[in-house]
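The next block is structure_23.txt, given as compact mmCIF, N, CA and C atoms.
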```txt
# COMPACT_ATOMS: atom_id res chain seq x y z
N MET A 26 17.28 0.09 2.30
CA MET A 26 17.94 -0.21 3.53
C MET A 26 18.07 -1.71 3.63
N ALA A 27 19.31 -2.16 3.75
CA ALA A 27 19.57 -3.60 3.77
C ALA A 27 20.45 -4.02 4.93
N CYS A 28 20.84 -3.08 5.77
CA CYS A 28 21.72 -3.43 6.89
C CYS A 28 21.57 -2.37 7.97
N SER A 29 22.35 -2.47 9.01
CA SER A 29 22.30 -1.46 10.07
C SER A 29 23.67 -0.85 10.33
N THR A 30 24.54 -0.88 9.32
CA THR A 30 25.89 -0.36 9.51
C THR A 30 25.94 1.16 9.67
N CYS A 31 24.90 1.84 9.28
CA CYS A 31 24.88 3.30 9.43
C CYS A 31 24.13 3.72 10.69
N HIS A 32 24.00 2.81 11.63
CA HIS A 32 23.30 3.09 12.90
C HIS A 32 23.99 4.23 13.63
N VAL A 33 23.20 5.24 14.00
CA VAL A 33 23.70 6.35 14.81
C VAL A 33 22.73 6.58 15.96
N ILE A 34 23.25 7.23 16.98
CA ILE A 34 22.41 7.63 18.11
C ILE A 34 22.23 9.14 18.02
N VAL A 35 21.00 9.54 17.84
CA VAL A 35 20.67 10.96 17.67
C VAL A 35 20.59 11.61 19.05
N ALA A 36 21.16 12.80 19.18
CA ALA A 36 21.07 13.55 20.44
C ALA A 36 19.59 13.74 20.78
N ALA A 37 19.25 13.56 22.05
CA ALA A 37 17.86 13.59 22.50
C ALA A 37 17.12 14.85 22.05
N GLU A 38 17.78 15.99 22.11
CA GLU A 38 17.12 17.24 21.74
C GLU A 38 16.80 17.35 20.25
N TRP A 39 17.40 16.49 19.44
CA TRP A 39 17.16 16.48 18.00
C TRP A 39 16.19 15.38 17.58
N PHE A 40 16.06 14.34 18.37
CA PHE A 40 15.32 13.15 17.95
C PHE A 40 13.89 13.45 17.52
N ALA A 41 13.17 14.25 18.27
CA ALA A 41 11.76 14.56 17.97
C ALA A 41 11.61 15.37 16.68
N ARG A 42 12.66 15.99 16.22
CA ARG A 42 12.59 16.79 14.99
C ARG A 42 12.65 15.94 13.72
N LEU A 43 13.06 14.69 13.86
CA LEU A 43 13.17 13.81 12.70
C LEU A 43 11.82 13.24 12.33
N THR A 44 11.66 12.91 11.05
CA THR A 44 10.45 12.20 10.66
C THR A 44 10.50 10.82 11.32
N PRO A 45 9.36 10.27 11.69
CA PRO A 45 9.37 8.97 12.37
C PRO A 45 9.99 7.87 11.52
N ALA A 46 10.60 6.91 12.18
CA ALA A 46 11.19 5.77 11.49
C ALA A 46 10.08 4.88 10.94
N SER A 47 10.33 4.31 9.78
CA SER A 47 9.37 3.36 9.21
C SER A 47 9.45 2.04 9.96
N GLU A 48 8.48 1.20 9.74
CA GLU A 48 8.50 -0.13 10.37
C GLU A 48 9.73 -0.92 9.90
N GLU A 49 10.09 -0.77 8.63
CA GLU A 49 11.26 -1.46 8.10
C GLU A 49 12.54 -0.99 8.79
N GLU A 50 12.65 0.32 9.03
CA GLU A 50 13.82 0.85 9.73
C GLU A 50 13.85 0.33 11.16
N GLU A 51 12.71 0.32 11.82
CA GLU A 51 12.65 -0.21 13.19
C GLU A 51 13.10 -1.67 13.22
N ASP A 52 12.70 -2.44 12.22
CA ASP A 52 13.13 -3.85 12.14
C ASP A 52 14.65 -3.95 12.01
N MET A 53 15.26 -3.07 11.20
CA MET A 53 16.72 -3.09 11.04
C MET A 53 17.41 -2.65 12.34
N LEU A 54 16.83 -1.70 13.03
CA LEU A 54 17.42 -1.24 14.29
C LEU A 54 17.38 -2.34 15.36
N ASP A 55 16.43 -3.25 15.23
CA ASP A 55 16.39 -4.39 16.16
C ASP A 55 17.65 -5.24 16.04
N LEU A 56 18.32 -5.18 14.89
CA LEU A 56 19.54 -5.96 14.65
C LEU A 56 20.81 -5.17 14.97
N ALA A 57 20.67 -3.89 15.24
CA ALA A 57 21.83 -3.02 15.45
C ALA A 57 22.40 -3.19 16.86
N ALA A 58 23.72 -3.29 16.93
CA ALA A 58 24.39 -3.38 18.23
C ALA A 58 24.29 -2.04 18.96
N GLY A 59 23.94 -2.08 20.23
CA GLY A 59 23.92 -0.87 21.04
C GLY A 59 22.76 0.06 20.75
N ALA A 60 21.69 -0.43 20.17
CA ALA A 60 20.55 0.43 19.85
C ALA A 60 19.89 0.94 21.13
N VAL A 61 19.49 2.20 21.08
CA VAL A 61 18.80 2.85 22.19
C VAL A 61 17.55 3.55 21.64
N ARG A 62 16.79 4.18 22.53
CA ARG A 62 15.53 4.82 22.13
C ARG A 62 15.72 5.84 21.00
N THR A 63 16.85 6.54 20.97
CA THR A 63 17.06 7.58 19.96
C THR A 63 17.94 7.09 18.80
N SER A 64 18.00 5.80 18.61
CA SER A 64 18.76 5.25 17.48
C SER A 64 18.01 5.46 16.17
N ARG A 65 18.77 5.70 15.13
CA ARG A 65 18.23 5.79 13.77
C ARG A 65 19.28 5.25 12.82
N LEU A 66 18.83 4.92 11.61
CA LEU A 66 19.75 4.59 10.53
C LEU A 66 20.03 5.90 9.80
N ALA A 67 21.29 6.28 9.74
CA ALA A 67 21.65 7.56 9.13
C ALA A 67 21.18 7.65 7.68
N CYS A 68 21.16 6.51 6.99
CA CYS A 68 20.74 6.53 5.58
C CYS A 68 19.26 6.88 5.42
N GLN A 69 18.50 6.86 6.51
CA GLN A 69 17.07 7.15 6.45
C GLN A 69 16.72 8.54 6.97
N ILE A 70 17.72 9.29 7.42
CA ILE A 70 17.47 10.65 7.89
C ILE A 70 17.56 11.60 6.69
N VAL A 71 16.45 12.24 6.40
CA VAL A 71 16.42 13.20 5.29
C VAL A 71 16.96 14.53 5.82
N LEU A 72 18.07 14.94 5.25
CA LEU A 72 18.71 16.18 5.70
C LEU A 72 18.04 17.38 5.04
N VAL A 73 17.42 18.19 5.87
CA VAL A 73 16.74 19.40 5.43
C VAL A 73 17.34 20.57 6.20
N PRO A 74 17.17 21.79 5.72
CA PRO A 74 17.77 22.94 6.41
C PRO A 74 17.43 23.01 7.90
N GLU A 75 16.26 22.56 8.29
CA GLU A 75 15.86 22.61 9.70
C GLU A 75 16.72 21.71 10.59
N LEU A 76 17.45 20.80 9.98
CA LEU A 76 18.31 19.90 10.75
C LEU A 76 19.76 20.36 10.78
N GLU A 77 20.02 21.57 10.35
CA GLU A 77 21.37 22.13 10.42
C GLU A 77 21.86 22.05 11.86
N GLY A 78 23.00 21.42 12.07
CA GLY A 78 23.57 21.26 13.39
C GLY A 78 23.19 19.96 14.08
N LEU A 79 22.48 19.08 13.37
CA LEU A 79 22.07 17.79 13.93
C LEU A 79 23.26 17.09 14.57
N GLU A 80 23.05 16.60 15.78
CA GLU A 80 24.11 15.91 16.51
C GLU A 80 23.78 14.43 16.63
N VAL A 81 24.74 13.60 16.20
CA VAL A 81 24.61 12.15 16.32
C VAL A 81 25.92 11.60 16.87
N ALA A 82 25.85 10.39 17.40
CA ALA A 82 27.04 9.70 17.90
C ALA A 82 27.07 8.30 17.30
N ILE A 83 28.26 7.78 17.15
CA ILE A 83 28.46 6.41 16.70
C ILE A 83 28.41 5.52 17.94
N PRO A 84 27.62 4.45 17.91
CA PRO A 84 27.56 3.57 19.09
C PRO A 84 28.93 3.01 19.45
N ALA A 85 29.19 2.87 20.73
CA ALA A 85 30.47 2.34 21.21
C ALA A 85 30.73 0.94 20.68
N GLU A 86 29.68 0.18 20.41
CA GLU A 86 29.83 -1.19 19.92
C GLU A 86 30.27 -1.26 18.46
N SER A 87 30.30 -0.13 17.76
CA SER A 87 30.71 -0.10 16.36
C SER A 87 32.22 -0.31 16.24
N HIS A 88 32.62 -0.97 15.17
CA HIS A 88 34.04 -1.21 14.91
C HIS A 88 34.37 -0.83 13.49
N ASP A 89 35.53 -0.25 13.29
CA ASP A 89 36.02 0.09 11.97
C ASP A 89 36.74 -1.14 11.40
N ALA A 90 36.10 -1.83 10.48
CA ALA A 90 36.65 -3.05 9.92
C ALA A 90 37.96 -2.82 9.15
N GLN A 91 38.21 -1.58 8.75
CA GLN A 91 39.44 -1.27 8.03
C GLN A 91 40.65 -1.28 8.97
N ARG A 92 40.43 -1.24 10.25
CA ARG A 92 41.53 -1.19 11.22
C ARG A 92 42.00 -2.58 11.64
N PHE A 93 41.35 -3.61 11.15
CA PHE A 93 41.72 -4.98 11.55
C PHE A 93 42.55 -5.65 10.51
```
What would the structure in this file look like if it were written as structure tokens?
Amino acid sequence: MACSTCHVIVAAEWFARLTPASEEEEDMLDLAAGAVRTSRLACQIVLVPELEGLEVAIPAESHDAQRF
């Protein structure tokens, strides 16, 4: 993990089901625009069958650099 470009906001009902964020991930989230209590880096979420249907949102502060 070297950036926070994959920052997502996990739906509250799903957040507790994720493995806890590492200290390094928490440090990267400190740099993420629009971070909230249920923020995670998508690259650090291990997708397992129990997470089928996981709901996340892209923070409003995110911008698609390809559109500029």
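The shortest atom-to-atom distance to Glu75 in chain A, with only C-alpha atoms taken into account, belongs to A:Leu43 out of A:Leu43, A:Cys28, A:Glu49, A:Ala57.
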Find the residues with any atom within 6.5 Å of (10.1, 6.9, 5.5); use all atoms listed in the file and the coordinates as given in the file, and write the answer as a PyMOL selection string.
chain A and resi 45-47
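Residues of chain A that DSSP, applied to the backbone, places in alpha helix (DSSP H): Ala37, Glu38, Trp39, Phe40, Glu48, Glu49, Glu50, Glu51, Asp52, Met53 and Leu54 of chain A.
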Which residues, protein or nucleic acid, reach to within 6.5 Å of (24.3, 4.4, 12.2) in the file's coordinates when using only N, CA and C atoms, and can you give that as a ChimeraX atom specification?
/A:29-34,65-68,83
Once you have the residues from the selection above, write them out as a PDB file, in the frame of the given file, restricted to N, CA and C atoms.
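Dumped everything to result-v7.pdb:
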```
ATOM      1  N   SER A  29      22.350  -2.470   9.010  1.00  0.00           N
ATOM      2  CA  SER A  29      22.300  -1.460  10.070  1.00  0.00           C
ATOM      3  C   SER A  29      23.670  -0.850  10.330  1.00  0.00           C
ATOM      4  N   THR A  30      24.540  -0.880   9.320  1.00  0.00           N
ATOM      5  CA  THR A  30      25.890  -0.360   9.510  1.00  0.00           C
ATOM      6  C   THR A  30      25.940   1.160   9.670  1.00  0.00           C
ATOM      7  N   CYS A  31      24.900   1.840   9.280  1.00  0.00           N
ATOM      8  CA  CYS A  31      24.880   3.300   9.430  1.00  0.00           C
ATOM      9  C   CYS A  31      24.130   3.720  10.690  1.00  0.00           C
ATOM     10  N   HIS A  32      24.000   2.810  11.630  1.00  0.00           N
ATOM     11  CA  HIS A  32      23.300   3.090  12.900  1.00  0.00           C
ATOM     12  C   HIS A  32      23.990   4.230  13.630  1.00  0.00           C
ATOM     13  N   VAL A  33      23.200   5.240  14.000  1.00  0.00           N
ATOM     14  CA  VAL A  33      23.700   6.350  14.810  1.00  0.00           C
ATOM     15  C   VAL A  33      22.730   6.580  15.960  1.00  0.00           C
ATOM     16  N   ILE A  34      23.250   7.230  16.980  1.00  0.00           N
ATOM     17  CA  ILE A  34      22.410   7.630  18.110  1.00  0.00           C
ATOM     18  C   ILE A  34      22.230   9.140  18.020  1.00  0.00           C
ATOM     19  N   ARG A  65      18.770   5.700  15.130  1.00  0.00           N
ATOM     20  CA  ARG A  65      18.230   5.790  13.770  1.00  0.00           C
ATOM     21  C   ARG A  65      19.280   5.250  12.820  1.00  0.00           C
ATOM     22  N   LEU A  66      18.830   4.920  11.610  1.00  0.00           N
ATOM     23  CA  LEU A  66      19.750   4.590  10.530  1.00  0.00           C
ATOM     24  C   LEU A  66      20.030   5.900   9.800  1.00  0.00           C
ATOM     25  N   ALA A  67      21.290   6.280   9.740  1.00  0.00           N
ATOM     26  CA  ALA A  67      21.650   7.560   9.130  1.00  0.00           C
ATOM     27  C   ALA A  67      21.180   7.650   7.680  1.00  0.00           C
ATOM     28  N   CYS A  68      21.160   6.510   6.990  1.00  0.00           N
ATOM     29  CA  CYS A  68      20.740   6.530   5.580  1.00  0.00           C
ATOM     30  C   CYS A  68      19.260   6.880   5.420  1.00  0.00           C
ATOM     31  N   ILE A  83      28.260   7.780  17.150  1.00  0.00           N
ATOM     32  CA  ILE A  83      28.460   6.410  16.700  1.00  0.00           C
ATOM     33  C   ILE A  83      28.410   5.520  17.940  1.00  0.00           C
TER      34      ILE A  83
END
```
Identify, on the basis of all atoms listed in the file, every residue whose closest approach to Gly59 in chain A does not exceed 7 Å; exclude the query and any residue fewer than 6 positions from it along the same chain; express the result as a list in words.
Pro84, Ala85 and Glu86 of chain A
